[in-house]
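Novice: Attaching a single structure in structure tokens format; questions to follow.
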Amino acid sequence: MDQYDDTPKWLYNEFQYAGVNYENAEIARQFERRHNSFRNFELEFQKIRERVGLRPTDVALDIGCGSGAFVIPAAKFCQKVYGADVSKSMLDLLQEKIESQGLKNVELFNEGFLSYRHKREPVDVVVSSIALHHIPDFWKAVALKKIADVLKPNGKLYLLDVFFNFPISNWQSGTQTVLDAMSKAAGREANVHISSEFSTFDWIIEGFFERVGLNIEQIFDDATFLRAYVCKKVKQEIVNSQTILTGKEARNLDAKAVEIGKIPSLLLMENAGRSLADVFMANATRLNHDKKPKRALICCGKGNNGGDGFVLARRLSLLGVECHVIAFGAPDDYSGDALTNLEILKALTRRNPEKLIFLNSSPVLYDRLASELSWCDWIVDGLLGTGTIGALKSPYDQVVPILNASGKPIFSIDVPSGLNADDGTTSSDVIRATLTVSLATNKVGLTTENAKEYVGELHIGDIGIPIEPFLKYDSPKTC
Ligand SMILES: C[S@@+](CC[C@H](N)C(=O)[O-])C[C@H]1O[C@@H](n2cnc3c(N)ncnc32)[C@H](O)[C@@H]1O
């Protein structure tokens, strides 16, 4: 199996442990005949096509492709299909079919989940059916990381396999139920599957997805024992990420998108909140010692940065993160889109007043802030945006050092509060972020040497403004 010189000697030997001895040509043929008798490959393909949203222009990769249950129908539909399997006999069988059907757009590799090296462009879709259970859990995580690397941003994984979803305390009865159902479909193969292979719990595989950057989009329980996951690779790069604007230019871009591009500003704020939540969920666990985020304290100033924080609170709550919001102003300090989102948040939290706190008077402020800081596991900094230049004013001159001293990771919206987004200079304390999401485009001030210690890991958040059309205008026309 040592196909590449740099393959570590300790890599799991997936060629040796490929389950039923698919290496034997006769057994491969028997597999084909048996599965043909209880499966309908064409219907299975149609199901995958619909679930994944497969398009004729797509390039797909099937790992553990066997004798081509997916590869053959997919080759008739997609632009290009790659198949990989550790069993040479299975691939030989598949190659015969490819040739007899005159399919020219398939490439096969005698490689497995762990040994597969993708030598082409990233693919749109990876499919894997009833194969991942052949490797133990640690190696499943490695396999999923490799799959995520092969996918284009926004690419999809369709993973069908046996996953257990019974409580661990019921392991005996749960396993028996799965075995009974599986035996009806697959006969004696079912016993081998349970006793000698590595099917795992749903919560284990779901933890792996999250850690490798695959978001679960849909789950299909096709039988007591068969589950299909459709996952999407978290988008990492947007076109705008190459553009770097000053804070002032970024604000102009927003204004042009609204005035010339007719994108309602409230929609831009909603997009910002969504994008912030997506980047946060994709990175927070990794950036906080593998601890999944559970409680976020969202600190909001009086402007649009605070408004983005209000939307973020709503989005994160939907994604299972409990949020407390501190508004550093009185309710009537807010206006425009920030006020609209504050009103939404007020309505949503009216039965849980502890979730939305207005803090503007000193003694209460610091006691309450201290207790909220010990409650949360992440702080969100939505205090000040790109418009704030110069030294911090009250109460932020007091609040920023307290947030920094809390020892909790900080997620900054658009720019760490106190940092000049135009040039990266500082005039007083600045939030020291673990993660910053610069909205719409990158900002000059986030890229300077001085800014590095404040910005943490920098991501660009897509808010739905294609910048090209707007950079050409000097200023919005008014009549
Ligand atoms: C039950 S068959 C499924 C084949 C095909 N996906 C289907 O739906 O008919 C399992 C396949 O996984 C392959 N396999 C086992 N271990 C593998 C590994 N580590 N990497 C890739 N394929 C593997 C086997 O050789 C076999 O072809």
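Here, A, B, ... name the chains of the structure tokens in the order displayed, residue numbers run from 1 inside each chain, and ligands are numbered from 1 in the same displayed order.
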If DSSP is run on the backbone, what residues of range 134-203 of chain A are helix (DSSP H, G or I)? A reply as a VMD selection string would be ideal.
Specialist: chain A and resid 134 137 to 150 168 to 186 189 to 196 202 to 203
Novice: Using only C-alpha atoms and all ligand atoms, which residues have at least one atom no more than 6 Å from ligand 1? Output them as an MDAnalysis selection string.
Specialist: chainID A and resid 14 18:19 22 63:66 69 85:87 90 112:113 128:131 134:135
Novice: So that I can see what lies close to Leu419 in chain A, please list as a PyMOL selection string the residues with an atom at most 10 Å from it, counting only C-alpha atoms and leaving out residues fewer than 5 positions away in the same chain.
Specialist: chain A and resi 384-386+388-392+424-432+445-446+450-451+454-455
Novice: Suppose we keep N, CA and C atoms; can you now write the selection as a PDB file, in the first residue's frame?
Specialist:
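Saved the output as selection13.pdb:
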ATOM      1  N   LEU A 384     -17.778  49.461  19.225  1.00  0.00           N
ATOM      2  CA  LEU A 384     -17.491  50.590  18.337  1.00  0.00           C
ATOM      3  C   LEU A 384     -17.056  50.075  16.971  1.00  0.00           C
ATOM      4  N   GLY A 385     -17.452  50.770  15.936  1.00  0.00           N
ATOM      5  CA  GLY A 385     -17.145  50.313  14.579  1.00  0.00           C
ATOM      6  C   GLY A 385     -16.063  51.143  13.916  1.00  0.00           C
ATOM      7  N   THR A 386     -16.124  51.180  12.577  1.00  0.00           N
ATOM      8  CA  THR A 386     -15.059  51.845  11.811  1.00  0.00           C
ATOM      9  C   THR A 386     -15.112  53.365  11.943  1.00  0.00           C
ATOM     10  N   THR A 388     -15.258  55.119  14.623  1.00  0.00           N
ATOM     11  CA  THR A 388     -14.703  55.673  15.863  1.00  0.00           C
ATOM     12  C   THR A 388     -13.202  55.852  15.747  1.00  0.00           C
ATOM     13  N   ILE A 389     -12.766  57.078  15.899  1.00  0.00           N
ATOM     14  CA  ILE A 389     -11.341  57.390  15.770  1.00  0.00           C
ATOM     15  C   ILE A 389     -10.934  58.173  17.022  1.00  0.00           C
ATOM     16  N   GLY A 390      -9.741  57.902  17.523  1.00  0.00           N
ATOM     17  CA  GLY A 390      -9.266  58.632  18.717  1.00  0.00           C
ATOM     18  C   GLY A 390      -9.492  57.831  19.985  1.00  0.00           C
ATOM     19  N   ALA A 391      -9.179  58.474  21.112  1.00  0.00           N
ATOM     20  CA  ALA A 391      -9.215  57.775  22.409  1.00  0.00           C
ATOM     21  C   ALA A 391     -10.635  57.358  22.765  1.00  0.00           C
ATOM     22  N   LEU A 392     -10.737  56.246  23.499  1.00  0.00           N
ATOM     23  CA  LEU A 392     -12.053  55.751  23.927  1.00  0.00           C
ATOM     24  C   LEU A 392     -12.669  56.736  24.916  1.00  0.00           C
ATOM     25  N   GLY A 424      -4.840  51.556  11.479  1.00  0.00           N
ATOM     26  CA  GLY A 424      -4.353  50.587  12.474  1.00  0.00           C
ATOM     27  C   GLY A 424      -3.713  51.218  13.698  1.00  0.00           C
ATOM     28  N   THR A 425      -3.868  52.555  13.859  1.00  0.00           N
ATOM     29  CA  THR A 425      -3.269  53.199  15.033  1.00  0.00           C
ATOM     30  C   THR A 425      -4.204  53.082  16.237  1.00  0.00           C
ATOM     31  N   THR A 426      -3.638  53.342  17.414  1.00  0.00           N
ATOM     32  CA  THR A 426      -4.430  53.245  18.649  1.00  0.00           C
ATOM     33  C   THR A 426      -4.166  54.505  19.480  1.00  0.00           C
ATOM     34  N   SER A 427      -5.169  54.968  20.185  1.00  0.00           N
ATOM     35  CA  SER A 427      -4.985  56.162  21.013  1.00  0.00           C
ATOM     36  C   SER A 427      -5.215  55.854  22.482  1.00  0.00           C
ATOM     37  N   SER A 428      -5.773  54.668  22.756  1.00  0.00           N
ATOM     38  CA  SER A 428      -6.007  54.282  24.157  1.00  0.00           C
ATOM     39  C   SER A 428      -6.128  52.769  24.164  1.00  0.00           C
ATOM     40  N   ASP A 429      -6.824  52.209  25.148  1.00  0.00           N
ATOM     41  CA  ASP A 429      -6.984  50.757  25.158  1.00  0.00           C
ATOM     42  C   ASP A 429      -7.730  50.286  23.912  1.00  0.00           C
ATOM     43  N   VAL A 430      -7.442  49.058  23.518  1.00  0.00           N
ATOM     44  CA  VAL A 430      -8.111  48.467  22.351  1.00  0.00           C
ATOM     45  C   VAL A 430      -8.496  47.033  22.725  1.00  0.00           C
ATOM     46  N   ILE A 431      -9.638  46.592  22.250  1.00  0.00           N
ATOM     47  CA  ILE A 431     -10.041  45.195  22.475  1.00  0.00           C
ATOM     48  C   ILE A 431      -8.985  44.265  21.868  1.00  0.00           C
ATOM     49  N   ARG A 432      -8.631  43.229  22.633  1.00  0.00           N
ATOM     50  CA  ARG A 432      -7.703  42.226  22.105  1.00  0.00           C
ATOM     51  C   ARG A 432      -8.532  41.010  21.705  1.00  0.00           C
ATOM     52  N   GLY A 445      -6.755  49.220   8.281  1.00  0.00           N
ATOM     53  CA  GLY A 445      -6.327  49.261   9.680  1.00  0.00           C
ATOM     54  C   GLY A 445      -6.180  47.892  10.328  1.00  0.00           C
ATOM     55  N   LEU A 446      -6.791  46.868   9.743  1.00  0.00           N
ATOM     56  CA  LEU A 446      -6.686  45.529  10.337  1.00  0.00           C
ATOM     57  C   LEU A 446      -5.442  44.794   9.863  1.00  0.00           C
ATOM     58  N   ASN A 450       0.946  46.940  13.597  1.00  0.00           N
ATOM     59  CA  ASN A 450       0.462  47.332  14.929  1.00  0.00           C
ATOM     60  C   ASN A 450      -0.853  46.632  15.281  1.00  0.00           C
ATOM     61  N   ALA A 451      -1.681  46.380  14.247  1.00  0.00           N
ATOM     62  CA  ALA A 451      -3.026  45.839  14.508  1.00  0.00           C
ATOM     63  C   ALA A 451      -3.000  44.362  14.891  1.00  0.00           C
ATOM     64  N   TYR A 454      -4.177  42.958  18.176  1.00  0.00           N
ATOM     65  CA  TYR A 454      -5.558  43.202  18.585  1.00  0.00           C
ATOM     66  C   TYR A 454      -6.575  42.385  17.777  1.00  0.00           C
ATOM     67  N   VAL A 455      -6.210  42.087  16.539  1.00  0.00           N
ATOM     68  CA  VAL A 455      -7.202  41.534  15.604  1.00  0.00           C
ATOM     69  C   VAL A 455      -7.442  40.036  15.814  1.00  0.00           C
TER      70      VAL A 455
END
Novice: Any idea what's packed within 8 Å of Asn271 in chain A, counting only C-alpha atoms, ignoring anything in its chain fewer than 5 positions away? Could you give it as a list of chain:residue names?
Specialist: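 Residues near the query, excluding close chain neighbours: A:Asp462, A:Ile463, A:Gly464.
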Novice: What parts of range 335-442 of chain A does DSSP call strand (DSSP E)? I'd like the answer as a list in words.
Specialist: Leu356, Ile357, Phe358, Trp378, Ile379, Val380, Asp381, Gly382, Ile410, Phe411, Ser412, Ile413, Leu435, Thr436, Val437, Ser438, Leu439 and Asn442 of chain A
Novice: Take the residues from that selection and write them out as a compact mmCIF listing (two decimals), in the first residue's frame, keeping N, CA and C atoms.
Specialist:
# COMPACT_ATOMS: atom_id res chain seq x y z
N LEU A 356 -31.47 40.68 27.95
CA LEU A 356 -31.20 41.99 27.34
C LEU A 356 -31.09 43.02 28.46
N ILE A 357 -29.89 43.54 28.63
CA ILE A 357 -29.62 44.42 29.77
C ILE A 357 -29.16 45.78 29.23
N PHE A 358 -29.74 46.84 29.77
CA PHE A 358 -29.26 48.19 29.41
C PHE A 358 -28.37 48.67 30.54
N TRP A 378 -17.80 33.14 25.79
CA TRP A 378 -17.27 34.02 24.73
C TRP A 378 -17.83 35.42 24.96
N ILE A 379 -17.02 36.42 24.61
CA ILE A 379 -17.50 37.81 24.64
C ILE A 379 -17.58 38.26 23.18
N VAL A 380 -18.64 38.97 22.84
CA VAL A 380 -18.68 39.57 21.51
C VAL A 380 -18.53 41.07 21.68
N ASP A 381 -17.60 41.63 20.91
CA ASP A 381 -17.33 43.07 20.98
C ASP A 381 -18.04 43.76 19.82
N GLY A 382 -19.20 44.34 20.14
CA GLY A 382 -19.93 45.12 19.14
C GLY A 382 -20.05 46.55 19.65
N ILE A 410 -12.50 36.79 22.84
CA ILE A 410 -13.36 37.90 22.36
C ILE A 410 -13.50 37.82 20.84
N PHE A 411 -14.73 37.99 20.40
CA PHE A 411 -15.06 37.98 18.97
C PHE A 411 -15.44 39.42 18.59
N SER A 412 -14.63 40.08 17.77
CA SER A 412 -14.91 41.48 17.43
C SER A 412 -15.69 41.59 16.12
N ILE A 413 -16.70 42.43 16.18
CA ILE A 413 -17.51 42.69 14.98
C ILE A 413 -16.85 43.82 14.19
N LEU A 435 -10.80 36.58 17.57
CA LEU A 435 -11.35 36.43 16.21
C LEU A 435 -12.00 37.76 15.82
N THR A 436 -11.68 38.24 14.62
CA THR A 436 -12.35 39.45 14.12
C THR A 436 -12.95 39.14 12.76
N VAL A 437 -14.18 39.55 12.55
CA VAL A 437 -14.78 39.42 11.22
C VAL A 437 -14.97 40.81 10.65
N SER A 438 -14.20 41.11 9.62
CA SER A 438 -14.31 42.40 8.94
C SER A 438 -15.45 42.27 7.93
N LEU A 439 -16.41 43.17 8.01
CA LEU A 439 -17.62 43.01 7.19
C LEU A 439 -17.45 43.60 5.79
N ASN A 442 -11.95 43.53 3.58
CA ASN A 442 -10.90 43.74 4.58
C ASN A 442 -10.72 45.26 4.77
Novice: Check the smallest atom-to-atom distance from each of A:Leu94, A:Asn305, A:Trp171, A:Arg274 to Leu318 in chain A using only C-alpha atoms, then report the winner.
Specialist: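 Closest residue, counting only C-alpha atoms: A:Arg274.
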Novice: Using only C-alpha atoms, which residues of range 193-267 of chain A come within 12 Å of range 307-317 of chain A, and what is the closest atom pair for each, with the distance in Å to one decimal? Give it as a tab-separated table, sorted by chain and residue number.
Specialist:
residue	atom	partner	partner_atom	distance
A:Ser265	CA	A:Gly307	CA	11.4
A:Leu266	CA	A:Gly307	CA	9.7
A:Leu267	CA	A:Val311	CA	10.8
Novice: Would you mind exporting the chosen residues as a PDB file, in the first residue's frame, restricted to N, CA and C atoms?
Specialist:
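Everything below was put into selection-v3.pdb:
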ATOM      1  N   SER A 265     -30.788  48.886   3.848  1.00  0.00           N
ATOM      2  CA  SER A 265     -29.725  48.815   4.865  1.00  0.00           C
ATOM      3  C   SER A 265     -30.057  47.782   5.940  1.00  0.00           C
ATOM      4  N   LEU A 266     -31.346  47.581   6.177  1.00  0.00           N
ATOM      5  CA  LEU A 266     -31.734  46.585   7.191  1.00  0.00           C
ATOM      6  C   LEU A 266     -31.333  45.175   6.736  1.00  0.00           C
ATOM      7  N   LEU A 267     -31.397  44.978   5.406  1.00  0.00           N
ATOM      8  CA  LEU A 267     -30.992  43.677   4.849  1.00  0.00           C
ATOM      9  C   LEU A 267     -29.476  43.486   5.028  1.00  0.00           C
TER      10      LEU A 267
END
Novice: Could you list, as an NGL selection string, every residue within 7 Å of Val52 in chain A, counting only C-alpha atoms and ignoring same-chain residues fewer than 2 positions away?
Specialist: :A and (48-50 or 54 or 156 or 158 or 230)
Novice: One number please: CA of Leu339 in chain A to CA of Leu369 in chain A, in Å, one decimal.
Specialist: 22.4 Å
Novice: Write out as a list in words the residues lying within 12 Å of Asp290 in chain A, counting only C-alpha atoms and excluding same-chain residues fewer than 2 positions away.
Specialist: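 Non-adjacent residues within range: Gly207, Phe208, Glu210, Arg211, Val212, Ala282, Asn283, Ala284, Thr285, Arg286, Leu287, Asn288, Lys292 and Pro293 of chain A.
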